[in-house]
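Printed here is final_1.csv (CSV, C-alpha atoms):
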```
chain,number,residue,atom,x,y,z
U,4,MET,CA,0.9,-8.0,14.4
U,5,GLN,CA,-2.0,-6.6,16.3
U,6,GLY,CA,-1.7,-2.9,17.1
U,7,LEU,CA,1.8,-2.5,15.5
U,8,PRO,CA,2.7,1.2,15.1
U,9,PHE,CA,3.5,2.5,11.6
U,10,TRP,CA,7.0,3.5,12.9
U,11,THR,CA,8.5,4.3,16.3
U,12,TRP,CA,10.0,7.8,16.0
U,13,ASP,CA,12.2,7.7,19.1
U,14,ARG,CA,15.4,6.0,17.8
U,15,GLN,CA,16.5,4.5,21.2
U,16,GLN,CA,13.0,3.2,21.9
U,17,HIS,CA,12.7,1.8,18.4
U,18,LYS,CA,16.1,0.0,18.8
U,19,GLN,CA,15.0,-1.5,22.1
U,20,GLU,CA,11.6,-2.7,20.7
U,21,ASP,CA,13.4,-4.1,17.7
U,22,ILE,CA,15.6,-6.3,19.9
U,23,ARG,CA,12.8,-7.2,22.3
U,24,THR,CA,10.4,-8.2,19.5
U,25,LYS,CA,13.0,-9.7,17.2
U,26,GLY,CA,12.1,-7.4,14.4
U,27,PHE,CA,8.3,-7.1,15.0
U,28,CYS,CA,8.7,-3.6,16.4
U,29,CYS,CA,6.7,-1.7,13.7
U,30,PHE,CA,4.8,-2.2,10.5
U,31,ASN,CA,7.7,-1.0,8.3
U,32,HIS,CA,10.2,-3.4,9.8
U,33,VAL,CA,7.7,-6.3,9.4
U,34,ILE,CA,7.1,-5.8,5.7
U,35,GLY,CA,10.7,-4.7,5.0
U,36,LEU,CA,12.2,-1.3,5.0
U,37,PRO,CA,12.2,0.9,1.8
U,38,GLN,CA,15.2,0.2,-0.5
U,39,LYS,CA,17.5,2.7,-2.1
U,40,ASP,CA,20.4,1.5,-4.2
U,41,GLY,CA,20.0,-1.9,-2.6
U,42,HIS,CA,20.2,-0.7,1.0
U,43,ASP,CA,17.5,-0.6,3.7
U,44,MET,CA,16.3,3.0,4.3
U,45,PRO,CA,14.8,3.9,7.7
U,46,LEU,CA,12.2,6.7,7.7
U,47,LEU,CA,13.5,10.2,7.5
U,48,PRO,CA,12.7,13.2,9.7
U,49,TYR,CA,10.5,14.9,7.0
U,50,GLN,CA,8.3,11.8,6.9
U,51,ARG,CA,7.4,12.3,10.5
U,52,THR,CA,6.0,15.7,9.5
U,53,LEU,CA,4.0,14.0,6.8
U,54,TYR,CA,2.8,11.3,9.2
U,55,ASP,CA,1.8,13.9,11.8
U,56,SER,CA,0.0,15.9,9.2
U,57,LEU,CA,-2.0,12.8,8.2
U,58,GLN,CA,-3.2,12.5,11.8
U,59,ASP,CA,-4.1,16.2,12.1
U,60,TYR,CA,-5.6,17.1,8.7
U,61,LYS,CA,-8.1,15.7,6.3
U,62,HIS,CA,-6.8,17.4,3.2
U,63,ILE,CA,-3.1,17.7,2.4
U,64,TRP,CA,-1.2,19.4,-0.5
U,65,ILE,CA,2.4,18.2,-1.0
U,66,LEU,CA,4.8,19.9,-3.5
U,67,LYS,CA,7.9,17.7,-3.6
U,68,SER,CA,11.1,16.9,-5.5
U,69,ARG,CA,11.5,13.6,-7.3
U,70,GLY,CA,13.0,10.6,-5.6
U,71,ILE,CA,12.7,11.6,-2.0
U,72,GLY,CA,10.3,8.8,-1.0
U,73,VAL,CA,6.9,10.5,-0.7
U,74,THR,CA,5.1,8.0,-3.0
U,75,GLU,CA,6.7,5.0,-1.2
U,76,PHE,CA,5.7,6.5,2.2
U,77,LEU,CA,2.1,7.0,1.2
U,78,LEU,CA,1.7,3.5,-0.3
U,79,ARG,CA,3.1,2.1,3.0
U,80,TYR,CA,0.8,4.4,5.1
U,81,ILE,CA,-2.2,3.1,3.1
U,82,ALA,CA,-1.1,-0.5,3.5
U,83,TRP,CA,-0.7,0.0,7.3
U,84,SER,CA,-4.1,1.7,7.5
U,85,CYS,CA,-5.7,-1.3,5.7
U,86,VAL,CA,-4.0,-3.9,7.8
U,87,PHE,CA,-4.8,-2.3,11.2
U,88,ARG,CA,-8.3,-1.1,10.5
U,89,GLN,CA,-7.6,2.6,10.2
U,90,PHE,CA,-9.9,2.0,7.2
U,91,PRO,CA,-12.8,-0.3,8.0
U,92,GLU,CA,-13.7,-3.4,6.1
U,93,ASN,CA,-15.5,-2.8,2.8
U,94,SER,CA,-14.1,0.7,2.5
U,95,ARG,CA,-12.2,2.0,-0.5
U,96,VAL,CA,-9.0,3.8,-1.3
U,97,CYS,CA,-8.7,5.6,-4.6
U,98,ILE,CA,-5.4,6.4,-6.2
U,99,VAL,CA,-5.4,8.8,-9.2
U,100,THR,CA,-2.5,8.6,-11.6
U,101,GLY,CA,-1.5,10.0,-14.9
U,102,PRO,CA,-3.5,9.3,-18.0
U,103,ARG,CA,-1.6,6.1,-19.0
U,104,ILE,CA,-3.0,2.8,-17.7
U,105,ASP,CA,0.5,1.5,-17.1
U,106,LEU,CA,1.0,4.2,-14.4
U,107,ALA,CA,-2.0,2.9,-12.5
U,108,GLU,CA,-0.8,-0.7,-12.9
U,109,ASP,CA,2.7,0.3,-11.7
U,110,LEU,CA,1.5,1.9,-8.5
U,111,ILE,CA,-0.8,-1.0,-7.7
U,112,ALA,CA,2.1,-3.4,-8.4
U,113,ARG,CA,4.3,-1.4,-6.0
U,114,PHE,CA,1.5,-1.6,-3.4
U,115,LYS,CA,1.1,-5.3,-3.7
U,116,GLY,CA,4.9,-5.7,-3.6
U,117,LEU,CA,4.9,-4.4,-0.1
U,118,PHE,CA,3.4,-7.6,1.0
U,119,ALA,CA,5.4,-9.9,-1.3
U,120,THR,CA,8.9,-9.3,0.1
U,121,ASN,CA,8.4,-10.9,3.5
U,122,PHE,CA,5.0,-12.6,3.1
U,123,GLY,CA,5.2,-14.1,-0.4
U,124,ALA,CA,1.7,-12.7,-1.0
U,125,ASN,CA,0.4,-13.4,-4.5
U,126,ASP,CA,-2.6,-11.1,-5.1
U,127,ARG,CA,-4.5,-12.3,-8.2
U,128,THR,CA,-6.9,-9.3,-8.4
U,129,GLN,CA,-6.8,-7.2,-11.6
U,130,SER,CA,-3.8,-5.1,-12.3
U,131,THR,CA,-5.3,-1.8,-11.1
U,132,VAL,CA,-6.9,-3.3,-7.9
U,133,ALA,CA,-5.6,-4.7,-4.6
U,134,ILE,CA,-7.7,-6.1,-1.7
U,135,VAL,CA,-6.1,-5.8,1.7
U,136,ASN,CA,-8.0,-6.9,4.9
U,137,GLY,CA,-11.3,-6.2,3.1
U,138,VAL,CA,-10.3,-2.8,1.8
U,139,LYS,CA,-10.4,-2.2,-1.9
U,140,VAL,CA,-7.4,-0.1,-3.1
U,141,GLU,CA,-7.9,0.9,-6.8
U,142,ALA,CA,-5.9,3.1,-9.1
U,143,PHE,CA,-7.7,5.3,-11.7
U,144,PRO,CA,-5.9,6.9,-14.7
U,145,SER,CA,-6.8,10.6,-14.8
U,146,HIS,CA,-8.7,10.2,-18.1
U,147,HIS,CA,-11.1,7.7,-16.4
U,148,VAL,CA,-11.5,9.6,-13.1
U,149,ASP,CA,-15.2,10.1,-13.8
U,150,THR,CA,-15.6,6.5,-12.7
U,151,MET,CA,-14.6,7.6,-9.2
U,152,ARG,CA,-17.8,9.7,-8.8
U,153,GLY,CA,-20.2,8.7,-6.1
U,154,LEU,CA,-18.4,5.7,-4.8
U,155,ASP,CA,-19.4,4.4,-1.4
U,156,ASN,CA,-17.2,4.3,1.7
U,157,VAL,CA,-14.2,6.1,0.2
U,158,LYS,CA,-11.8,6.7,3.1
U,159,PHE,CA,-8.6,7.9,1.3
U,160,ILE,CA,-7.9,9.6,-2.0
U,161,TYR,CA,-4.3,9.9,-3.2
U,162,CYS,CA,-3.7,12.0,-6.3
U,163,ASP,CA,-0.2,11.4,-7.6
U,164,GLU,CA,1.7,13.8,-9.9
U,165,SER,CA,-1.3,15.9,-10.7
U,166,ASP,CA,0.7,18.7,-12.3
U,167,PHE,CA,1.4,16.4,-15.2
U,168,PHE,CA,-2.2,15.6,-16.0
U,169,PRO,CA,-3.6,17.5,-19.1
U,170,PRO,CA,-5.3,20.8,-17.9
U,171,PHE,CA,-8.9,19.5,-18.5
U,172,GLN,CA,-8.1,16.3,-16.6
U,173,GLN,CA,-6.7,18.4,-13.7
U,174,ARG,CA,-10.1,20.3,-13.6
U,175,GLU,CA,-12.0,17.0,-13.7
U,176,VAL,CA,-9.9,15.4,-10.9
U,177,ARG,CA,-10.4,18.4,-8.7
U,178,ALA,CA,-14.1,18.4,-9.3
U,179,VAL,CA,-14.4,14.7,-8.4
U,180,MET,CA,-12.3,15.1,-5.3
U,181,LYS,CA,-14.3,18.1,-4.2
U,182,GLY,CA,-17.5,16.0,-4.4
U,183,TYR,CA,-16.3,14.0,-1.5
U,184,ILE,CA,-15.3,17.0,0.7
U,185,GLY,CA,-17.5,17.8,3.7
U,186,LYS,CA,-19.9,14.9,3.3
U,187,PRO,CA,-20.4,13.1,6.6
U,188,ASN,CA,-20.1,9.8,4.7
U,189,PRO,CA,-17.4,9.1,3.6
U,190,ASP,CA,-15.5,12.4,4.1
U,191,PRO,CA,-12.1,10.8,3.1
U,192,HIS,CA,-8.6,12.0,3.5
U,193,ILE,CA,-7.5,13.6,0.3
U,194,VAL,CA,-3.8,13.9,-0.4
U,195,VAL,CA,-2.7,15.8,-3.6
U,196,VAL,CA,1.0,15.3,-4.4
U,197,SER,CA,3.2,16.4,-7.3
U,198,THR,CA,6.5,17.6,-8.4
U,199,PRO,CA,6.0,21.1,-9.9
U,200,LYS,CA,5.6,21.4,-13.7
U,201,ALA,CA,4.3,24.8,-14.8
U,202,PRO,CA,2.4,27.8,-13.4
U,203,GLY,CA,-1.4,27.7,-13.5
U,204,GLY,CA,-1.7,24.0,-12.8
U,205,LEU,CA,-3.6,22.3,-10.1
U,206,MET,CA,-0.8,22.5,-7.6
U,207,HIS,CA,-0.1,26.1,-8.3
U,208,GLN,CA,-3.8,27.0,-8.0
U,209,ILE,CA,-4.0,25.4,-4.5
U,210,GLU,CA,-0.7,26.9,-3.5
U,211,LEU,CA,-2.1,30.4,-4.2
U,212,GLU,CA,-5.4,29.9,-2.2
U,213,SER,CA,-5.3,32.0,0.9
U,214,ASP,CA,-8.2,30.2,2.5
U,215,SER,CA,-7.5,26.8,1.3
U,216,LEU,CA,-9.1,23.5,2.5
U,217,TYR,CA,-5.6,22.0,2.1
U,218,HIS,CA,-2.8,21.8,4.7
U,219,LYS,CA,0.3,22.7,2.6
U,220,LEU,CA,3.6,20.9,2.8
U,221,GLY,CA,6.7,21.5,0.6
U,222,PHE,CA,9.7,19.1,0.5
U,223,ASP,CA,12.6,19.9,-1.8
U,224,TYR,CA,15.5,17.6,-2.7
U,225,THR,CA,17.3,18.5,0.6
U,226,TYR,CA,14.7,16.5,2.6
U,227,GLY,CA,15.8,13.3,0.8
U,228,LEU,CA,19.3,13.9,2.0
U,229,GLU,CA,18.4,13.9,5.7
U,230,GLY,CA,19.8,11.2,8.0
U,231,PRO,CA,17.5,8.5,9.5
U,232,TYR,CA,15.0,9.4,12.1
```
Will you turn the file into structure tokens for me?
Amino acid sequence: MQGLPFWTWDRQQHKQEDIRTKGFCCFNHVIGLPQKDGHDMPLLPYQRTLYDSLQDYKHIWILKSRGIGVTEFLLRYIAWSCVFRQFPENSRVCIVTGPRIDLAEDLIARFKGLFATNFGANDRTQSTVAIVNGVKVEAFPSHHVDTMRGLDNVKFIYCDESDFFPPFQQREVRAVMKGYIGKPNPDPHIVVVSTPKAPGGLMHQIELESDSLYHKLGFDYTYGLEGPY
């Protein structure tokens, strides 16, 4: 699988590569495509915008509708980055979830499941941790985000559904993430994602910033209705 692309965005080229390589055309086909109602789902046009933004920007803000596949996309992107050394060995990925431990466990279970479908992988690490190609992927409930401070070699921070954290936890999460911004080591990607909840929350604060550090993306429910790329 050396050097596999995350996805080939040209449909005709992708089809030709799929035939030529007998299904080893890209990372997403190798691990198995996302499922919706029991059917394989190719990547959608808006997900190319998200992929390109991850190549061009360090800090990204994403306001989204539920159920359009942003979380699944980001977990797959993290997995691909681990496998193909976008993140070096002994580096870290931190995923911040809501305050319940089961939310952290569920996201890590989904992440581990990406490798179980076609590879039968059985990761025996603890329920909030996965190790992929020497990269530690760990989920932190928002009420324990203080344990994220000062970690070494953090290459990616993904904050999921931050608008639903209690207000004081939103402030703490932002302070912890800000502590990594601008430092030459590790200077990670930071991706803050949520469906909207109420004015005044973390997502709304960043949205109103005129000189924000974050590249801002918005995906309403219509993006989930797009045809395949």
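Excluding stretch 17-32 of chain U itself and any same-chain residue fewer than 2 positions from it, the protein and nucleic acid residues within 9 Å of it, counting all atoms listed in the file, are Met4, Leu7, Pro8, Phe9, Trp10, Thr11, Trp12, Asp13, Arg14, Gln15, Ile34, Gly35, Leu36, Pro37, Pro45, Leu46, Arg79 and Trp83 of chain U.
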Pull C-alpha atoms from the residues just selected and write them as an mmCIF file, keeping the file's coordinate frame.
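New file selection_20.cif:
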```cif
data_model
loop_
_atom_site.group_PDB
_atom_site.id
_atom_site.type_symbol
_atom_site.label_atom_id
_atom_site.label_comp_id
_atom_site.auth_asym_id
_atom_site.auth_seq_id
_atom_site.Cartn_x
_atom_site.Cartn_y
_atom_site.Cartn_z
ATOM 1 C CA MET U 4 0.900 -8.000 14.400
ATOM 2 C CA LEU U 7 1.800 -2.500 15.500
ATOM 3 C CA PRO U 8 2.700 1.200 15.100
ATOM 4 C CA PHE U 9 3.500 2.500 11.600
ATOM 5 C CA TRP U 10 7.000 3.500 12.900
ATOM 6 C CA THR U 11 8.500 4.300 16.300
ATOM 7 C CA TRP U 12 10.000 7.800 16.000
ATOM 8 C CA ASP U 13 12.200 7.700 19.100
ATOM 9 C CA ARG U 14 15.400 6.000 17.800
ATOM 10 C CA GLN U 15 16.500 4.500 21.200
ATOM 11 C CA ILE U 34 7.100 -5.800 5.700
ATOM 12 C CA GLY U 35 10.700 -4.700 5.000
ATOM 13 C CA LEU U 36 12.200 -1.300 5.000
ATOM 14 C CA PRO U 37 12.200 0.900 1.800
ATOM 15 C CA PRO U 45 14.800 3.900 7.700
ATOM 16 C CA LEU U 46 12.200 6.700 7.700
ATOM 17 C CA ARG U 79 3.100 2.100 3.000
ATOM 18 C CA TRP U 83 -0.700 0.000 7.300
#
```
Mind checking which residues fall within 9 Å of U:Ser56, counting all atoms listed in the file, ignoring those fewer than 5 positions away in the same chain, and posting them as number ranges by chain? U: 51, 61, 63, 218, 220
Among the residues U:Lys139, U:Glu229, U:Met180, U:Ser165, the one that comes closest to U:Gly204 [using all atoms listed in the file]: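 The shortest atom-to-atom distance to U:Gly204 comes from U:Ser165.
Using only C-alpha atoms, the residues found no farther than 7 Å from U:Asn136, other than those of its own chain fewer than 6 positions away, are Cys85, Val86 and Glu92 of chain U.
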Just the number, please: distance in Å from atom CA of U:Glu141 to atom CA of U:Tyr54, one decimal. 21.9 Å
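Compared by their closest atoms to U:Lys67, and using only C-alpha atoms, the residues U:Val176, U:Pro144, U:Tyr49, U:Pro91 rank with U:Tyr49 nearest.
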Contact residues around U:Asp223 with all atoms listed in the file at 7 Å, ignoring same-chain residues under 2 positions, as a PyMOL selection string: chain U and resi 67-68+221+225-226
Please return stretch 97-121 of chain U, rebuilt to N, CA and C atoms, as a PDB file, in the frame of the given file.
```pdb
ATOM      1  N   CYS U  97      -8.817   5.284  -3.174  1.00  0.00           N
ATOM      2  CA  CYS U  97      -8.700   5.600  -4.600  1.00  0.00           C
ATOM      3  C   CYS U  97      -7.379   6.337  -4.841  1.00  0.00           C
ATOM      4  N   ILE U  98      -6.625   5.837  -5.819  1.00  0.00           N
ATOM      5  CA  ILE U  98      -5.400   6.400  -6.200  1.00  0.00           C
ATOM      6  C   ILE U  98      -5.506   6.953  -7.634  1.00  0.00           C
ATOM      7  N   VAL U  99      -5.312   8.251  -7.831  1.00  0.00           N
ATOM      8  CA  VAL U  99      -5.400   8.800  -9.200  1.00  0.00           C
ATOM      9  C   VAL U  99      -4.025   9.045  -9.725  1.00  0.00           C
ATOM     10  N   THR U 100      -3.778   8.493 -10.921  1.00  0.00           N
ATOM     11  CA  THR U 100      -2.500   8.600 -11.600  1.00  0.00           C
ATOM     12  C   THR U 100      -2.592   9.325 -12.884  1.00  0.00           C
ATOM     13  N   GLY U 101      -1.487   9.416 -13.603  1.00  0.00           N
ATOM     14  CA  GLY U 101      -1.500  10.000 -14.900  1.00  0.00           C
ATOM     15  C   GLY U 101      -2.352   9.273 -15.908  1.00  0.00           C
ATOM     16  N   PRO U 102      -2.491   9.795 -17.118  1.00  0.00           N
ATOM     17  CA  PRO U 102      -3.500   9.300 -18.000  1.00  0.00           C
ATOM     18  C   PRO U 102      -3.164   7.897 -18.635  1.00  0.00           C
ATOM     19  N   ARG U 103      -1.953   7.384 -18.483  1.00  0.00           N
ATOM     20  CA  ARG U 103      -1.600   6.100 -19.000  1.00  0.00           C
ATOM     21  C   ARG U 103      -1.992   4.958 -18.070  1.00  0.00           C
ATOM     22  N   ILE U 104      -2.599   3.898 -18.556  1.00  0.00           N
ATOM     23  CA  ILE U 104      -3.000   2.800 -17.700  1.00  0.00           C
ATOM     24  C   ILE U 104      -1.829   2.129 -17.025  1.00  0.00           C
ATOM     25  N   ASP U 105      -0.665   2.150 -17.674  1.00  0.00           N
ATOM     26  CA  ASP U 105       0.500   1.500 -17.100  1.00  0.00           C
ATOM     27  C   ASP U 105       0.943   2.207 -15.796  1.00  0.00           C
ATOM     28  N   LEU U 106       0.673   3.504 -15.672  1.00  0.00           N
ATOM     29  CA  LEU U 106       1.000   4.200 -14.400  1.00  0.00           C
ATOM     30  C   LEU U 106       0.156   3.698 -13.281  1.00  0.00           C
ATOM     31  N   ALA U 107      -1.123   3.478 -13.538  1.00  0.00           N
ATOM     32  CA  ALA U 107      -2.000   2.900 -12.500  1.00  0.00           C
ATOM     33  C   ALA U 107      -1.567   1.517 -12.155  1.00  0.00           C
ATOM     34  N   GLU U 108      -1.229   0.722 -13.155  1.00  0.00           N
ATOM     35  CA  GLU U 108      -0.800  -0.700 -12.900  1.00  0.00           C
ATOM     36  C   GLU U 108       0.513  -0.679 -12.104  1.00  0.00           C
ATOM     37  N   ASP U 109       1.425   0.227 -12.423  1.00  0.00           N
ATOM     38  CA  ASP U 109       2.700   0.300 -11.700  1.00  0.00           C
ATOM     39  C   ASP U 109       2.543   0.581 -10.244  1.00  0.00           C
ATOM     40  N   LEU U 110       1.674   1.563  -9.933  1.00  0.00           N
ATOM     41  CA  LEU U 110       1.500   1.900  -8.500  1.00  0.00           C
ATOM     42  C   LEU U 110       0.848   0.779  -7.747  1.00  0.00           C
ATOM     43  N   ILE U 111      -0.130   0.107  -8.341  1.00  0.00           N
ATOM     44  CA  ILE U 111      -0.800  -1.000  -7.700  1.00  0.00           C
ATOM     45  C   ILE U 111       0.238  -2.169  -7.517  1.00  0.00           C
ATOM     46  N   ALA U 112       1.070  -2.389  -8.511  1.00  0.00           N
ATOM     47  CA  ALA U 112       2.100  -3.400  -8.400  1.00  0.00           C
ATOM     48  C   ALA U 112       3.070  -3.106  -7.260  1.00  0.00           C
ATOM     49  N   ARG U 113       3.429  -1.835  -7.117  1.00  0.00           N
ATOM     50  CA  ARG U 113       4.300  -1.400  -6.000  1.00  0.00           C
ATOM     51  C   ARG U 113       3.595  -1.673  -4.660  1.00  0.00           C
ATOM     52  N   PHE U 114       2.313  -1.356  -4.622  1.00  0.00           N
ATOM     53  CA  PHE U 114       1.500  -1.600  -3.400  1.00  0.00           C
ATOM     54  C   PHE U 114       1.490  -3.041  -3.033  1.00  0.00           C
ATOM     55  N   LYS U 115       1.157  -3.880  -4.002  1.00  0.00           N
ATOM     56  CA  LYS U 115       1.100  -5.300  -3.700  1.00  0.00           C
ATOM     57  C   LYS U 115       2.477  -5.855  -3.353  1.00  0.00           C
ATOM     58  N   GLY U 116       3.513  -5.274  -3.927  1.00  0.00           N
ATOM     59  CA  GLY U 116       4.900  -5.700  -3.600  1.00  0.00           C
ATOM     60  C   GLY U 116       5.276  -5.504  -2.180  1.00  0.00           C
ATOM     61  N   LEU U 117       4.622  -4.586  -1.487  1.00  0.00           N
ATOM     62  CA  LEU U 117       4.900  -4.400  -0.100  1.00  0.00           C
ATOM     63  C   LEU U 117       4.699  -5.643   0.740  1.00  0.00           C
ATOM     64  N   PHE U 118       3.730  -6.439   0.306  1.00  0.00           N
ATOM     65  CA  PHE U 118       3.400  -7.600   1.000  1.00  0.00           C
ATOM     66  C   PHE U 118       4.092  -8.881   0.488  1.00  0.00           C
ATOM     67  N   ALA U 119       4.748  -8.726  -0.656  1.00  0.00           N
ATOM     68  CA  ALA U 119       5.400  -9.900  -1.300  1.00  0.00           C
ATOM     69  C   ALA U 119       6.758 -10.176  -0.727  1.00  0.00           C
ATOM     70  N   THR U 120       7.483  -9.140  -0.292  1.00  0.00           N
ATOM     71  CA  THR U 120       8.900  -9.300   0.100  1.00  0.00           C
ATOM     72  C   THR U 120       9.014 -10.291   1.267  1.00  0.00           C
ATOM     73  N   ASN U 121       8.266 -10.056   2.343  1.00  0.00           N
ATOM     74  CA  ASN U 121       8.400 -10.900   3.500  1.00  0.00           C
ATOM     75  C   ASN U 121       7.259 -11.851   3.751  1.00  0.00           C
TER      76      ASN U 121
END
```
